[in-house]
Amino acid sequence: MTFFAPSAAPITADERGARIQALAARLQAQGLSALLLGPTASLRYFTGLDWHPSERLTGALIHADGRLEYICPRFELDKIAGLTSAPNAVAGEILTWEEEESPYALVAGRLEAGARLAVDDQAAAFIWLGLSKAMGADRVVDGGPLITALRSLKSPAEIALLTRAKAITLEVQRRTRHWLKAGVLTSEVKRFIDAEHRKLGGEGGSWFCLVSFGDDTCLPHGGEGDRALQVDDVVLIDTGTLVDGYHSDITRTYVFGEPTAAFRAVWDHEKEAQARAFAAAQIGAPCESVDAGARDYLTGLGYGPDYRLPGLPHRTGHGIGLDIHEAPNLVRGDTTPLQAGMCFSNEPMLVIPGQFGVRLEDHFYMSETGPVWFTQPSHSLDDPFGEGASA
């Protein structure tokens with residue numbers, strides 16, 4: 001079987017600049033002076049700077065007039081200057097603070113008296129507390145809605161990067177199924193998956209790789225031991241990789257041997273629930289309607305109701321992009337209207353306590369006319385990857 005992963009160019013500085021201008025317009029509309037980004041995925045989204053979180057504030061201040069200023073410790077100046085001068089990053093003035101100084105006072109000093117500051121909703125609590133102390137809590141507001149409104153709508157360049165990442169992981173899933181052998185440990189499978197992701201151009205998979213055998217598949221996030229695979233075990237593998245920071249996240253469930261009749265029935269229900277969720281994803285419909293599409297079908301079969309087991313114990317899906325889990329979510333109570341450019345997982349897991357769990361996870365994006373799969377769902381229980389006689 002020939003593997004093909006479509007090419008995808010990195011996000012350009014021009015696209016990031018357009019994101020900054022769009023955010024600035026939203027800040028103006030809400031009467032906010034600026035938004036402070038912490039060392040989060042949103043910092044990379046707007047500026048191209050990918051920075052590790054620590055106890056020292058490093059981030060960026062985006063002003064309502066579109067100006068960009070970086071904030072960092074003085075001893076990191078040369079490194080930040082190098083990173084922000086890279087071709088796909090956005091240049092800006094770099095403001096520094098010494099070890100005995102307050103970065104929060106530095107931020108406050110960049111704003112007009114009484115001006116309000118929006119803050120990255122993923123920034124650490126100590127950043128929020130420091131700003132509240134320096135400025136007054138009434139001047140610090142949640143910037144999450146401003147950020148989500150932009151990040152949730154993926155551009156064609158982002159769709160291309162996500163498409164490549166998911167194609168790589170689907171192929172790694174296929175290779176893993178053929179590589180499995182009796183007695184292999186979950187830790188060995190994880191190492192194999194990581195190596196295969198890297199071979200195919202992904203940024204590794206060891207950071208996120210869930211491998212479950214047997215009744216450990218009942219646990220949505222897997223067991224804690226290093227279990228050995230046995231003949232006729234249920235196998236659940238949930239893994240992903242990164243391409244220019246954009247995530248894949250694909251799950252396959254099958255049997256290493258001969259499935260029981262009970263497992264076949266539940267697997268078929270899971271596959272149909274995934275299809276019902278996909279069909280419910282229509283432009284303008286609330287996100288929660290996708291969850292209802294899967295959950296109502298399963299409830300009609302006698303699962304649940306709600307999150308009770310046997311049944312579907314969690315939401316049907318989550319947004320995905322630079323974070324593996326992003327807003328909005330396909331869950332009851334999320335009434336965000338579906339719009340073109342939104343990207344989601346579709347994974348209405350079924351858990352039969354004490355026996356097994358089945359999760360089939362693929363992702364889709366919303367086009368102007370409806371949902372489009374990034375990867376095709378499992379073909380069948382006996383031929384998960386649609387390989388026919390070669391399976």
# chains A, B, ... in the order shown; residues from 1 in each chain; ligands from 1
>>> select_by_dssp(residues="region 122-341 of chain A", states="strand (DSSP E)", output="NGL selection string")
:A and (140-142 or 209-213 or 233-239 or 242-243 or 246-247 or 250-256 or 317-319 or 326-330)
>>> residues_around(residues="Arg315 (chain A)", least_positions_apart="6", cutoff="12 Å", atoms="only C-alpha atoms", output="list in words")
Pro220, Ala277, Cys287, Glu288, Ser289, Val290, Asp291, Ala292, Gly293, Ala294, Arg295, Asp306, Tyr307, His325, Pro328, Asn329, Leu330, Val331, Arg332, Gly333, Asp334, Phe344, Ser345, Asn346, Glu347, Pro348, Met349 and Leu350 of chain A
>>> residues_around(residues="Ala157 (chain A)", least_positions_apart="6", cutoff="12 Å", atoms="only C-alpha atoms", output="PyMOL selection string")
chain A and resi 7-12+14-16+163-164+243-244+246+321+341
>>> write_last_selection(atoms="C-alpha atoms", output="PDB file, in the first residue's frame")
ATOM      1  CA  SER A   7       2.500  18.752   1.230  1.00  0.00           C
ATOM      2  CA  ALA A   8       1.827  21.774   3.417  1.00  0.00           C
ATOM      3  CA  ALA A   9       3.761  25.020   3.748  1.00  0.00           C
ATOM      4  CA  PRO A  10       4.438  26.595   7.168  1.00  0.00           C
ATOM      5  CA  ILE A  11       2.323  29.513   8.311  1.00  0.00           C
ATOM      6  CA  THR A  12       3.805  32.739   6.949  1.00  0.00           C
ATOM      7  CA  ASP A  14       2.034  37.708   6.514  1.00  0.00           C
ATOM      8  CA  GLU A  15      -0.732  35.411   7.736  1.00  0.00           C
ATOM      9  CA  ARG A  16       0.297  35.994  11.343  1.00  0.00           C
ATOM     10  CA  THR A 163      -4.420  17.385   6.690  1.00  0.00           C
ATOM     11  CA  ARG A 164      -0.762  16.411   6.427  1.00  0.00           C
ATOM     12  CA  VAL A 243       3.358  19.427  11.649  1.00  0.00           C
ATOM     13  CA  ASP A 244       4.455  23.063  12.097  1.00  0.00           C
ATOM     14  CA  TYR A 246      -0.583  21.597  14.218  1.00  0.00           C
ATOM     15  CA  GLY A 321      -5.343  23.047  15.898  1.00  0.00           C
ATOM     16  CA  GLY A 341     -13.063  26.635   9.034  1.00  0.00           C
TER      17      GLY A 341
END
>>> closest_residue(among="A:Ala195, A:Leu23, A:Val235, A:Leu57", to="Ala125 (chain A)", atoms="only C-alpha atoms")
A:Leu57
>>> residues_around(residues="Lys181 (chain A)", least_positions_apart="2", cutoff="10 Å", atoms="only C-alpha atoms", output="VMD selection string")
chain A and resid 176 to 179 183 to 185 189 228 to 231 256
>>> residues_around(residues="Gln30 (chain A)", least_positions_apart="4", cutoff="12 Å", atoms="only C-alpha atoms", output="VMD selection string")
chain A and resid 23 to 26 34 to 35 64 115 to 118 141 to 143 145 to 146
>>> write_last_selection(atoms="N, CA and C atoms", output="mmCIF file, in the first residue's frame")
data_model
loop_
_atom_site.group_PDB
_atom_site.id
_atom_site.type_symbol
_atom_site.label_atom_id
_atom_site.label_comp_id
_atom_site.auth_asym_id
_atom_site.auth_seq_id
_atom_site.Cartn_x
_atom_site.Cartn_y
_atom_site.Cartn_z
ATOM 1 N N LEU A 23 -7.185 40.777 15.472
ATOM 2 C CA LEU A 23 -7.321 40.877 16.923
ATOM 3 C C LEU A 23 -7.383 42.334 17.353
ATOM 4 N N ALA A 24 -6.552 43.182 16.757
ATOM 5 C CA ALA A 24 -6.552 44.608 17.109
ATOM 6 C C ALA A 24 -7.926 45.225 16.858
ATOM 7 N N ALA A 25 -8.556 44.838 15.758
ATOM 8 C CA ALA A 25 -9.891 45.373 15.456
ATOM 9 C C ALA A 25 -10.892 44.945 16.522
ATOM 10 N N ARG A 26 -10.766 43.733 17.011
ATOM 11 C CA ARG A 26 -11.674 43.258 18.062
ATOM 12 C C ARG A 26 -11.404 43.969 19.378
ATOM 13 N N ALA A 34 -5.185 46.555 24.978
ATOM 14 C CA ALA A 34 -4.224 45.575 24.459
ATOM 15 C C ALA A 34 -4.602 44.195 24.968
ATOM 16 N N LEU A 35 -3.910 43.204 24.438
ATOM 17 C CA LEU A 35 -4.045 41.823 24.925
ATOM 18 C C LEU A 35 -2.662 41.278 25.178
ATOM 19 N N ALA A 64 -4.268 47.695 20.623
ATOM 20 C CA ALA A 64 -5.462 47.909 19.807
ATOM 21 C C ALA A 64 -5.157 48.656 18.514
ATOM 22 N N ALA A 115 -6.648 52.217 31.398
ATOM 23 C CA ALA A 115 -6.969 51.336 30.270
ATOM 24 C C ALA A 115 -7.114 49.893 30.739
ATOM 25 N N ARG A 116 -7.962 49.168 30.040
ATOM 26 C CA ARG A 116 -8.182 47.760 30.383
ATOM 27 C C ARG A 116 -7.345 46.850 29.485
ATOM 28 N N LEU A 117 -6.877 45.762 30.091
ATOM 29 C CA LEU A 117 -6.007 44.805 29.409
ATOM 30 C C LEU A 117 -6.678 43.440 29.354
ATOM 31 N N ALA A 118 -6.769 42.860 28.164
ATOM 32 C CA ALA A 118 -7.222 41.474 28.026
ATOM 33 C C ALA A 118 -6.011 40.558 28.192
ATOM 34 N N VAL A 141 -9.093 41.673 32.093
ATOM 35 C CA VAL A 141 -10.264 40.932 31.637
ATOM 36 C C VAL A 141 -9.837 39.699 30.847
ATOM 37 N N ASP A 142 -10.757 38.770 30.704
ATOM 38 C CA ASP A 142 -10.511 37.509 30.008
ATOM 39 C C ASP A 142 -10.406 37.739 28.505
ATOM 40 N N GLY A 143 -9.257 37.405 27.938
ATOM 41 C CA GLY A 143 -9.075 37.538 26.498
ATOM 42 C C GLY A 143 -9.431 36.288 25.722
ATOM 43 N N PRO A 145 -12.315 34.743 24.825
ATOM 44 C CA PRO A 145 -13.278 34.840 23.719
ATOM 45 C C PRO A 145 -12.719 35.535 22.483
ATOM 46 N N LEU A 146 -11.876 36.541 22.677
ATOM 47 C CA LEU A 146 -11.264 37.232 21.544
ATOM 48 C C LEU A 146 -10.342 36.295 20.762
#
>>> residues_around(residues="Gly370 (chain A)", least_positions_apart="5", cutoff="8 Å", atoms="only C-alpha atoms", output="JSON, numbers by chain")
{"A": [281, 282, 283, 340]}
>>> closest_residue(among="A:Ile193, A:Ala280, A:Leu32, A:Leu68", to="Arg139 (chain A)", atoms="only C-alpha atoms")
A:Leu32
>>> atom_distance(atom1="CA of Tyr104 (chain A)", atom2="CA of Leu131 (chain A)")
5.2 Å
>>> select_by_dssp(residues="region 197-347 of chain A", states="alpha helix (DSSP H)", output="ChimeraX atom specification")
/A:197-199,261-280,288-300
>>> residues_around(residues="Arg227 (chain A)", least_positions_apart="5", cutoff="12 Å", atoms="only C-alpha atoms", output="PDB file with N, CA and C atoms, in the first residue's frame")
ATOM      1  N   ALA A 182       2.105 -11.046  19.545  1.00  0.00           N
ATOM      2  CA  ALA A 182       1.794 -11.497  20.906  1.00  0.00           C
ATOM      3  C   ALA A 182       2.987 -11.261  21.819  1.00  0.00           C
ATOM      4  N   GLY A 183       2.702 -10.756  23.013  1.00  0.00           N
ATOM      5  CA  GLY A 183       3.738 -10.521  24.004  1.00  0.00           C
ATOM      6  C   GLY A 183       4.340  -9.136  23.984  1.00  0.00           C
ATOM      7  N   VAL A 184       4.073  -8.342  22.927  1.00  0.00           N
ATOM      8  CA  VAL A 184       4.640  -6.999  22.866  1.00  0.00           C
ATOM      9  C   VAL A 184       4.046  -6.139  23.976  1.00  0.00           C
ATOM     10  N   LEU A 185       4.868  -5.284  24.582  1.00  0.00           N
ATOM     11  CA  LEU A 185       4.430  -4.419  25.669  1.00  0.00           C
ATOM     12  C   LEU A 185       3.897  -3.102  25.115  1.00  0.00           C
ATOM     13  N   THR A 186       3.007  -2.485  25.876  1.00  0.00           N
ATOM     14  CA  THR A 186       2.483  -1.194  25.431  1.00  0.00           C
ATOM     15  C   THR A 186       3.608  -0.177  25.253  1.00  0.00           C
ATOM     16  N   SER A 187       4.632  -0.235  26.105  1.00  0.00           N
ATOM     17  CA  SER A 187       5.758   0.696  25.983  1.00  0.00           C
ATOM     18  C   SER A 187       6.509   0.488  24.673  1.00  0.00           C
ATOM     19  N   GLU A 188       6.616  -0.746  24.219  1.00  0.00           N
ATOM     20  CA  GLU A 188       7.282  -1.028  22.949  1.00  0.00           C
ATOM     21  C   GLU A 188       6.467  -0.497  21.770  1.00  0.00           C
ATOM     22  N   VAL A 189       5.153  -0.610  21.866  1.00  0.00           N
ATOM     23  CA  VAL A 189       4.288  -0.085  20.813  1.00  0.00           C
ATOM     24  C   VAL A 189       4.440   1.424  20.726  1.00  0.00           C
ATOM     25  N   LYS A 190       4.501   2.084  21.868  1.00  0.00           N
ATOM     26  CA  LYS A 190       4.659   3.541  21.875  1.00  0.00           C
ATOM     27  C   LYS A 190       5.968   3.962  21.226  1.00  0.00           C
ATOM     28  N   VAL A 211      -1.851   3.557  24.371  1.00  0.00           N
ATOM     29  CA  VAL A 211      -1.965   2.186  23.866  1.00  0.00           C
ATOM     30  C   VAL A 211      -2.592   1.335  24.963  1.00  0.00           C
ATOM     31  N   SER A 212      -3.737   0.722  24.660  1.00  0.00           N
ATOM     32  CA  SER A 212      -4.446  -0.097  25.646  1.00  0.00           C
ATOM     33  C   SER A 212      -4.753  -1.464  25.063  1.00  0.00           C
ATOM     34  N   PHE A 213      -4.602  -2.490  25.907  1.00  0.00           N
ATOM     35  CA  PHE A 213      -4.946  -3.864  25.532  1.00  0.00           C
ATOM     36  C   PHE A 213      -5.990  -4.419  26.493  1.00  0.00           C
ATOM     37  N   GLY A 214      -6.848  -5.300  25.976  1.00  0.00           N
ATOM     38  CA  GLY A 214      -7.795  -6.011  26.842  1.00  0.00           C
ATOM     39  C   GLY A 214      -8.763  -5.080  27.533  1.00  0.00           C
ATOM     40  N   ASP A 215      -9.017  -5.373  28.821  1.00  0.00           N
ATOM     41  CA  ASP A 215     -10.010  -4.573  29.536  1.00  0.00           C
ATOM     42  C   ASP A 215      -9.494  -3.187  29.923  1.00  0.00           C
ATOM     43  N   ASP A 216      -8.196  -2.901  29.701  1.00  0.00           N
ATOM     44  CA  ASP A 216      -7.713  -1.532  29.881  1.00  0.00           C
ATOM     45  C   ASP A 216      -8.390  -0.574  28.900  1.00  0.00           C
ATOM     46  N   THR A 217      -8.939  -1.119  27.809  1.00  0.00           N
ATOM     47  CA  THR A 217      -9.623  -0.258  26.833  1.00  0.00           C
ATOM     48  C   THR A 217     -10.914   0.322  27.402  1.00  0.00           C
ATOM     49  N   GLY A 222      -6.779   5.000  29.178  1.00  0.00           N
ATOM     50  CA  GLY A 222      -5.895   3.850  29.304  1.00  0.00           C
ATOM     51  C   GLY A 222      -5.485   3.506  30.717  1.00  0.00           C
ATOM     52  N   ASP A 233      -6.968 -10.131  22.348  1.00  0.00           N
ATOM     53  CA  ASP A 233      -7.131  -8.878  23.082  1.00  0.00           C
ATOM     54  C   ASP A 233      -7.743  -7.799  22.181  1.00  0.00           C
ATOM     55  N   VAL A 235      -7.557  -4.061  21.087  1.00  0.00           N
ATOM     56  CA  VAL A 235      -6.464  -3.098  20.993  1.00  0.00           C
ATOM     57  C   VAL A 235      -7.060  -1.721  20.715  1.00  0.00           C
TER      58      VAL A 235
END
>>> closest_atom_pairs(of="region 4-56 of chain A", to="region 75-96 of chain A", cutoff="7 Å", atoms="only C-alpha atoms", output="JSON lines")
{"residue": "A:Ile11", "atom": "CA", "partner": "A:Asn88", "partner_atom": "CA", "distance": 6.7}
{"residue": "A:Thr12", "atom": "CA", "partner": "A:Asn88", "partner_atom": "CA", "distance": 4.8}
{"residue": "A:Ala13", "atom": "CA", "partner": "A:Asn88", "partner_atom": "CA", "distance": 4.4}
{"residue": "A:Gly17", "atom": "CA", "partner": "A:Val90", "partner_atom": "CA", "distance": 6.8}
{"residue": "A:Thr47", "atom": "CA", "partner": "A:Val90", "partner_atom": "CA", "distance": 5.1}
{"residue": "A:Gly48", "atom": "CA", "partner": "A:Ala89", "partner_atom": "CA", "distance": 4.4}
{"residue": "A:Leu49", "atom": "CA", "partner": "A:Thr84", "partner_atom": "CA", "distance": 6.3}
>>> closest_atom_pairs(of="region 257-333 of chain A", to="region 373-385 of chain A", cutoff="10 Å", atoms="only C-alpha atoms", output="JSON lines")
{"residue": "A:Gly257", "atom": "CA", "partner": "A:Asp382", "partner_atom": "CA", "distance": 9.7}
{"residue": "A:Glu258", "atom": "CA", "partner": "A:Asp382", "partner_atom": "CA", "distance": 9.0}
{"residue": "A:Pro259", "atom": "CA", "partner": "A:Leu381", "partner_atom": "CA", "distance": 8.7}
{"residue": "A:Phe263", "atom": "CA", "partner": "A:Leu381", "partner_atom": "CA", "distance": 9.7}
{"residue": "A:Arg264", "atom": "CA", "partner": "A:Leu381", "partner_atom": "CA", "distance": 7.4}
{"residue": "A:Trp267", "atom": "CA", "partner": "A:Leu381", "partner_atom": "CA", "distance": 7.1}
{"residue": "A:Asp268", "atom": "CA", "partner": "A:Leu381", "partner_atom": "CA", "distance": 8.0}
{"residue": "A:Lys271", "atom": "CA", "partner": "A:Ser378", "partner_atom": "CA", "distance": 7.8}
{"residue": "A:Gln274", "atom": "CA", "partner": "A:Pro377", "partner_atom": "CA", "distance": 8.5}
{"residue": "A:Ala275", "atom": "CA", "partner": "A:Pro377", "partner_atom": "CA", "distance": 8.7}
{"residue": "A:Phe278", "atom": "CA", "partner": "A:Trp373", "partner_atom": "CA", "distance": 8.6}
>>> write_last_selection(atoms="C-alpha atoms", output="compact mmCIF listing (two decimals), in the first residue's frame")
# COMPACT_ATOMS: atom_id res chain seq x y z
CA GLY A 257 -7.25 -12.21 16.92
CA GLU A 258 -10.91 -13.16 16.66
CA PRO A 259 -13.57 -10.70 17.86
CA PHE A 263 -17.59 -6.91 20.52
CA ARG A 264 -18.65 -6.88 16.86
CA TRP A 267 -17.98 -1.85 17.29
CA ASP A 268 -20.73 -1.49 14.70
CA LYS A 271 -19.05 3.26 13.83
CA GLN A 274 -19.52 8.41 14.53
CA ALA A 275 -21.37 8.60 11.21
CA PHE A 278 -20.72 13.66 11.17
>>> closest_residue(among="A:Leu36, A:Val358, A:Leu150, A:Ala165", to="Ala108 (chain A)", atoms="only C-alpha atoms")
A:Leu36
